[in-house]
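Enquirer: Below you'll find the structure I mean.
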Amino acid sequence: MAQITVMGAGILGLSAAWVMARRGAQITLVERDRVGAGSSGGVVGALAPHVPENWNTKKAFQLDSLLMAERFWAEVAALGGIDPGYARLGRVQPIADTAALDRAQERAAGARDLWQGRADWRVIRVNETPGLSFGSPTGWAIHDTLSARLSPRSAAAALVAGLRMMGVLFVTADTPPPRAACVLWATGAQGLADLGANLGLPMGGAVKGQAALFEADHRDAPQLFLDGLHIVPHADGTVAIGSTSERTFSHPSQTDAQLETLIGRARAACPELADAPVIERWAGLRPRSPSRAPMLGAWPGRPGHFVLNGGFKIGFGMAPKLANLAADLLLDSKDAVPEGFRVENNLPGPSRN
């Protein structure tokens with residue numbers, strides 16, 4: 001039985017611990033603060049694909065992971081008894097002008113070729129779209145059936161419950177973990193800083209996001225994507241909106257006028273939210289790697305130590321497949337990590353700024 005220590009109880013650490021424990025490994029999970037203390041403790045939970053064009057390894061990987069998600073989260077819920085709030089209800093978004101309409105039609109054709117017949121990207125009239133109300137300058141909208149929603153905090157709680165059922169040991173950072181064959185570092189924004197300090201190289205950084213939660217029950221509606229703003233109905237009778245993307249900030253966990261602007265935009269764009277009370281405002285840091293893709297691989301110069309980090313805005317959607325790749329790597333020495341995701345390929349070079 002392999003003995004593995006996972007550092008960090010965010011979505012990537014918890015998911016990797018889950019898959020490795022399911023494969024029979026003995027897991028110790030170390031968290032210095034609390035489960036979901038970083039960006040994994042947010043509120044938005046939008047699992048949405050990249051557009052089906054200019055296809056590349058990252059987009060193909062994300063597609064695979066999104067298609068894995070329903071079974072992954074059903075198994076988590078079944079073992080631990082906690083609903084992670086997953087539902088593949090799709091996403092709708094308005095089309096702004098005739099050029100965007102032409103692109104949307106081209107992408108619909110791309111989705112037919114690339115999404116394996118397992119999801120659709122359709123261009124439809126706004127009055128045919130399901131769910132929340134919104135306007136469109138052209139009267140047309142995109143409706144994709146691949147996007148899903150997930151409650152970040154419920155998902156973390158569901159994973160913790162399942163991991164405890166499998167006997168995973170949870171310890172705090174000030175408690176020495178048992179000896180392990182391998183250590184997987186999934187420590188979020190601070191982990192990227194620690195990795196960079198260890199290597200003496202910039203290894204990405206933290207990007208602040210702010211989001212809000214409305215009390216508004218539209219649990220069966222698809223999410224909306226309105227000019228960069230995610231509006232995500234959740235199963236608990238709330239609607240999340242977000243988020244900002246701030247490279248420069250003073251207070252990592254404080255909300256400010258930028259969030260109030262998002263709230264105003266959501267109220268103006270979606271009539272169902274116009275008078276809905278805001279019940280939570282949230283801010284946190286998301287880890288962004290140099291390549292903007294997740295990183296997985298050996299920690300350079302530290303035998304037996306591995307890095308899983310850089311989920312940024314797509315960590316929840318990428319988690320099922322990343323977790324399986326991490327298990328392959330640590331348990332079976334099977335390295336199927338895409339080139340763009342490898343730690344060594346995120347080291348700064350002359351072509352990166």
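Lettering and numbering for the structure tokens are positional, with chains as A, B, ... in the shown order, residues counted from 1 in each chain, and ligands counted from 1 in the shown order.
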Residues of region 216-333 of chain A that approach region 184-203 of chain A to 8 Å or less, counting only C-alpha atoms: could you list each one with the shortest pair of atoms and its distance in Å to one decimal, rows by chain and increasing residue number, as a Markdown table?
Expert:
```
| residue | atom | partner | partner_atom | distance |
| --- | --- | --- | --- | --- |
| A:Leu285 | CA | A:Ala189 | CA | 6.5 |
| A:Arg286 | CA | A:Ala189 | CA | 6.0 |
| A:Pro287 | CA | A:Ala189 | CA | 4.2 |
| A:Arg288 | CA | A:Ala189 | CA | 7.4 |
| A:Ser289 | CA | A:Met203 | CA | 6.2 |
| A:Pro290 | CA | A:Met203 | CA | 5.9 |
| A:Pro300 | CA | A:Leu199 | CA | 7.8 |
| A:His305 | CA | A:Leu184 | CA | 6.0 |
| A:Phe306 | CA | A:Leu184 | CA | 4.8 |
| A:Val307 | CA | A:Trp185 | CA | 4.8 |
| A:Leu308 | CA | A:Ala186 | CA | 4.9 |
| A:Asn309 | CA | A:Ala186 | CA | 5.4 |
| A:Gly310 | CA | A:Gly188 | CA | 6.8 |
| A:Gly311 | CA | A:Gly188 | CA | 8.0 |
```
Enquirer: Mind checking which residues fall within 7 Å of region 1-4 of chain A, counting only C-alpha atoms, ignoring those fewer than 6 positions away in the same chain, and posting them as a ChimeraX atom specification?
Expert: /A:24-28,180-183,331
Enquirer: Quick one: write out the picked residues with C-alpha atoms as an mmCIF file, in the first residue's frame?
Expert:
```
data_model
loop_
_atom_site.group_PDB
_atom_site.id
_atom_site.type_symbol
_atom_site.label_atom_id
_atom_site.label_comp_id
_atom_site.auth_asym_id
_atom_site.auth_seq_id
_atom_site.Cartn_x
_atom_site.Cartn_y
_atom_site.Cartn_z
ATOM 1 C CA GLY A 24 -5.850 1.794 -2.413
ATOM 2 C CA ALA A 25 -3.177 4.274 -1.346
ATOM 3 C CA GLN A 26 -2.793 5.279 2.288
ATOM 4 C CA ILE A 27 -3.284 9.047 2.292
ATOM 5 C CA THR A 28 -2.447 11.713 4.835
ATOM 6 C CA ALA A 180 5.420 8.872 3.039
ATOM 7 C CA ALA A 181 6.833 7.555 -0.205
ATOM 8 C CA CYS A 182 5.723 10.716 -2.026
ATOM 9 C CA VAL A 183 4.499 14.189 -1.175
ATOM 10 C CA LEU A 331 1.182 5.427 -7.716
#
```
Enquirer: Determine the nearest neighbour of Trp18 (chain A) from the options A:Asn324, A:Ser243, A:Ser136, A:Asn345, counting only C-alpha atoms.
Expert: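 The closest residue to Trp18 (chain A) is A:Asn324.
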Enquirer: Calculated over only C-alpha atoms, which of the candidates A:Gly8, A:Gly304, A:Pro52, A:Gly317 has the smallest distance to Arg88 (chain A)?
Expert: A:Gly317
Enquirer: Could you pull the residues within 12 Å of Ile82 (chain A), counting only C-alpha atoms, minus those fewer than 6 positions along the same chain, as number ranges by chain?
Expert: A: 73-76, 151, 153-163, 165
Enquirer: Suppose we keep C-alpha atoms; can you now write the selection as a CSV table (one decimal), in the first residue's frame?
Expert:
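selection-v5.csv written:
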```
chain,number,residue,atom,x,y,z
A,73,TRP,CA,-19.1,13.8,-8.4
A,74,ALA,CA,-21.9,11.1,-8.3
A,75,GLU,CA,-19.3,8.7,-6.8
A,76,VAL,CA,-18.1,11.3,-4.3
A,151,SER,CA,-21.1,24.4,-5.2
A,153,ARG,CA,-17.9,24.5,-0.6
A,154,SER,CA,-20.3,21.6,-0.9
A,155,ALA,CA,-17.9,19.9,-3.2
A,156,ALA,CA,-15.1,20.2,-0.8
A,157,ALA,CA,-17.3,19.0,2.1
A,158,ALA,CA,-18.4,16.0,0.0
A,159,LEU,CA,-14.8,15.1,-0.8
A,160,VAL,CA,-13.8,15.4,2.9
A,161,ALA,CA,-16.7,13.1,3.9
A,162,GLY,CA,-15.8,10.5,1.3
A,163,LEU,CA,-12.1,10.7,2.2
A,165,MET,CA,-15.0,7.1,5.0
```
Enquirer: Could you name the residues that touch region 275-280 of chain A at 7 Å or less, counting only C-alpha atoms, but leaving out those on the same chain fewer than 6 positions away, as a PyMOL selection string?
Expert: chain A and resi 212-216
